[in-house]
Amino acid sequence: MLDFVQTSIDGLMVGGLYATVALGITLVFGLVGILNFAHGQSVMLGAYVTFFVVSAGYPFWLGALFAAIAMGLFGALLERAVFRRTLGDPLAGLAVSLGIIMIVENLAAAAFSPDPRFVDPPVSGSVQIGPLILSSQRLLVLFVSVVLIGGFNLFLQRATLGKAIRAMAQSREGAALVGVRVPMISRAIFTIGSALAGAAGALYASLFAITPYMGATPLTKGFILAALGGLGSVPGAIAAGFLLGLAESFGSRYLSASFRDGYGFIILIFALLFLPTGLFGAGKARV
Amino acid sequence: MLRLEGISHRFGGLEVLRNIDFSVSERELIGLIGPNGAGKTTLFNVITGFVHPFAGKVHLRGKDVTGYPAHRLVRLGLARTFQGARVFANMSIAECLAVARRKRAADAMRVAELDEILGLLDLEKYMSDQASSLPSGLIRLLGIAMALSTGARLLLLDEPAAGLSAEETEVLQRSIRRLNQIGVTIVVVDHNLQFVMGLVSRAIVLDAGRLIADGPPHAVTAEPHVIEAYIGGSDLAED
Amino acid sequence: MTGKVDDLGRAAAVVREPVRGGASQKILTLFSLVQFAGLLLLGLLLLAPLLYGSRYVVYLGTLLALQATLAVSLNIVMGYAGQFALAHAAFYGFGAYASAIFIRDYDMTFWSSLPPTACLAAALAAAVGYPSMRFTGGIHFALITFAFGELLRLVAANLHGLTGGPQGMQLSYAPVPVLGIDFGSARGMYYLAAGVLALSMIIAKLIRRSGFGRSLLAIREDEVLAASLGIDVTAHKVAAFSIASVIAAMAGAVYGPFVGFVSPEMMSASDSISVVGMLIVGGIGTTSGPIIGTLVFVGLPELLRVAKLYRLVVLGLIIVVTVLFVPKGLAGLFGRMIPTGPQRGR
């Protein structure tokens, strides 16, 4: 029983991380219609930013903040320079994002060297709650991701921009009709999504090793989650993120740890097999 | 040839088709009409295999084909066209037809018959032109030619006259009549009542998902239900 | 009626011509010249090892031949059927690993390991392709193949007992001599790789000219329309993907003994994207496009000793520029890749 709880909590911790990445993806793909495979690069760069800030002696939270801001700007830049031109065509956006992956990943490898880097976590040791022993760092990650997600939800509910985003999620045309400036909101969504990825990158940095190639895994999982949770659905992405974290945790504990990253993939395959309309809602025809 | 039994369908909570029953015999030329939102497009998609009906059965030549995907139906002799001139834009006419020709229905028409049809539609002189360079009237005919090249015996036309000039519409009408004369069973769905009623020998009327009339055009247009269904809509005038 | 049949016969002859975009005559001629030049260059390069025989030239020729095979085979699923397959390098690696494992654990020879490797690759491709290719639009498939490629890499890196883990496996076998030709030598490997390339090009050409290939092109243009004309779209797409993946696996099986070593790194997403990039640059869907793309992006840097990292950055830049700025229909490059129109929705 204890084991079960421990595994669950571990799963939730990682799940929070996944959910943060998935949030950015579900918004960008679901609302703006851009299939941005380079999203993982924002995570990777966010991690590196954090690393450099911390190496320079500054506290971790500052590094995370810088990461989010830097990645937000990066996202805005990408949207303006690149993705705005591929708006009607998700596959063109995909192709372009593949090119961006190559550029960013390899520039990073050239600039930062492919050796893994490590960031000292802001807190260390473990916390004992009753009979449970939990890593402090992981708890912090869980806490921060919950704060991020919660804050984001609050933003959606209260802030004008947030409401505009919700309006767009319901109906693009309807939103335009009531005066929402769709192109501007689209850029905002891109920026926010990228900033979230940057923050997730900072969290990743505190838990795992940083390499220039680390973007692929959060990207893949993020897309799987965004898809499973329903595109453009914030609660869906969040729920899917936590569920995946749990699935991986239990799978690792009780089935096979080395296969950890594969569980999400298996779930995805099964989802595809059994969902008649595919993952993206009723829009897809079956031939 | 084609029989629908109790076809019902819904999207989410909305019932779009309620218990539709009708049959089409060989060599008939039928129109499927009704005001906007009556469910014609959905019914069309059900018959042609693009939508799996919530309830009911579709029979093609006595065989239960409910839920069969479109490509299987083509092999059984049913083909359709699409609204708005849908062809392979970057291929030549000849290639478009060649693609369609790969699949032959079970009792495919002989090559000679097919050639006569293609000649009818008068596309020969354009054989090596790119499909997208054709004027829209001819693109419609190409779409029909492609559907026929599959060897289909039952042809469903989706809004073939939409957006055509008076001249093009007339050519289309003549072509459809001629096709029917040489033995193709045809069902036409269109908003343009003048076009459809002047063409078909039998009209089936849908309103709000229900079949409300079925008979010769002049009789159907006189029926009070039908008139009522159209009041308030502008479908009685030409599009 | 015979007149009509003749016309259709002539029409059939027209069909055998490659599908062309709305390019003007001039660009068309230029492109044909480029195509011809590409093939010529390839021919020269492939023959060079025979003439010069220096170890480096032979090595380069073999490498190029294998990379070109990847591009040519990917063209079958991306160029003809229009589907973004992002796991090609993973199948390449799979072929290398599977073949090596069969030889090591099941006492097979190089040659006898090829058929089971091919079958496994086909089965994997079908298993991944079928659920995802049922949907129109290509997004599901792109996502699944990307995830699958990653998955294969992770499996290779984690199953230490089977695959040697992240360090990979040292291979010390060589293909058994066949017909008196020793394929184990450097020269022999080159012949083998060139043979694989030639075979893949023949297969691609055969497909292109067949009804199957024409259906694939129709699917790329407009899936829904193709289905309405009786084409079983999913089956065709899965078949194209399986064929492409099997060829990639076979190339991988040759790669193993060629370098004497396999590791999970050869299955990275970056490598899969590279192959896609080579196709985009060379011209998707064309016959010589894959060759040109390979020559430019593998051959040139190798000759100029450009570091792999920078080569990839440039490739990425070229992908971005090509996708964004090459207007649709320019010699069929971009227009081929991204079909426009109502059928490409989300």
# chains A, B, ... in the order shown; residues from 1 in each chain; ligands from 1
call {"tool": "residues_around", "arguments": {"residues": "Gln83 in chain B", "least_positions_apart": "4", "cutoff": "7 Å", "atoms": "only C-alpha atoms", "output": "JSON, numbers by chain"}}
result
{"B": [158, 159, 160]}
call {"tool": "interface_residues", "arguments": {"of": "chain B", "to": "chain A", "cutoff": "8 Å", "atoms": "only C-alpha atoms", "output": "NGL selection string"}}
result
:B and (50 or 69-70)
call {"tool": "write_last_selection", "arguments": {"atoms": "N, CA and C atoms", "output": "compact mmCIF listing (two decimals), in the first residue's frame"}}
result
# COMPACT_ATOMS: atom_id res chain seq x y z
N PHE B 50 -19.33 7.40 -46.73
CA PHE B 50 -18.48 8.31 -45.98
C PHE B 50 -18.96 8.53 -44.57
N PRO B 69 -16.92 1.03 -46.36
CA PRO B 69 -16.23 2.26 -46.74
C PRO B 69 -16.38 2.53 -48.23
N ALA B 70 -16.12 3.78 -48.59
CA ALA B 70 -16.40 4.21 -49.96
C ALA B 70 -15.74 3.33 -51.01
call {"tool": "residues_around", "arguments": {"residues": "Gly201 in chain A", "least_positions_apart": "5", "cutoff": "7 Å", "atoms": "only C-alpha atoms", "output": "VMD selection string"}}
result
chain A and resid 43 to 44 46 to 47
call {"tool": "select_by_dssp", "arguments": {"residues": "range 80-225 of chain A", "states": "helix (DSSP H, G or I)", "output": "PyMOL selection string"}}
result
chain A and resi 80-81+83-86+90-112+136-158+160-170+172-177+182-207+216-225
call {"tool": "closest_residue", "arguments": {"among": "B:Phe11, B:Phe44, B:Phe22, B:Phe88", "to": "Met146 in chain B", "atoms": "only C-alpha atoms"}}
result
B:Phe88
call {"tool": "closest_residue", "arguments": {"among": "B:Ser25, B:Asn45, B:Asn36, B:Asn19", "to": "chain C", "atoms": "only C-alpha atoms"}}
result
B:Asn45
call {"tool": "closest_residue", "arguments": {"among": "A:Thr211, A:Ser124, A:Ser97, A:Thr26", "to": "chain C", "atoms": "only C-alpha atoms"}}
result
A:Ser97
call {"tool": "residues_around", "arguments": {"residues": "Val187 in chain B", "least_positions_apart": "2", "cutoff": "10 Å", "atoms": "only C-alpha atoms", "output": "count of residues only"}}
result
21
call {"tool": "residues_around", "arguments": {"residues": "Pro257 in chain C", "least_positions_apart": "6", "cutoff": "12 Å", "atoms": "only C-alpha atoms", "output": "list of chain:residue names"}}
result
C:Thr62, C:Gly95, C:Ala96, C:Tyr97, C:Ser99, C:Ala100, C:Ile103, C:Thr109, C:Phe110, C:Trp111, C:Met169, C:Gln170, C:Leu171, C:Ser172, C:Tyr173, C:Ala174, C:Pro175, C:Val176, C:Phe183, C:Gly184, C:Ser185, C:Ala186, C:Gly188, C:Met189, C:Tyr190, C:Leu192, C:Ala193, C:Ala251
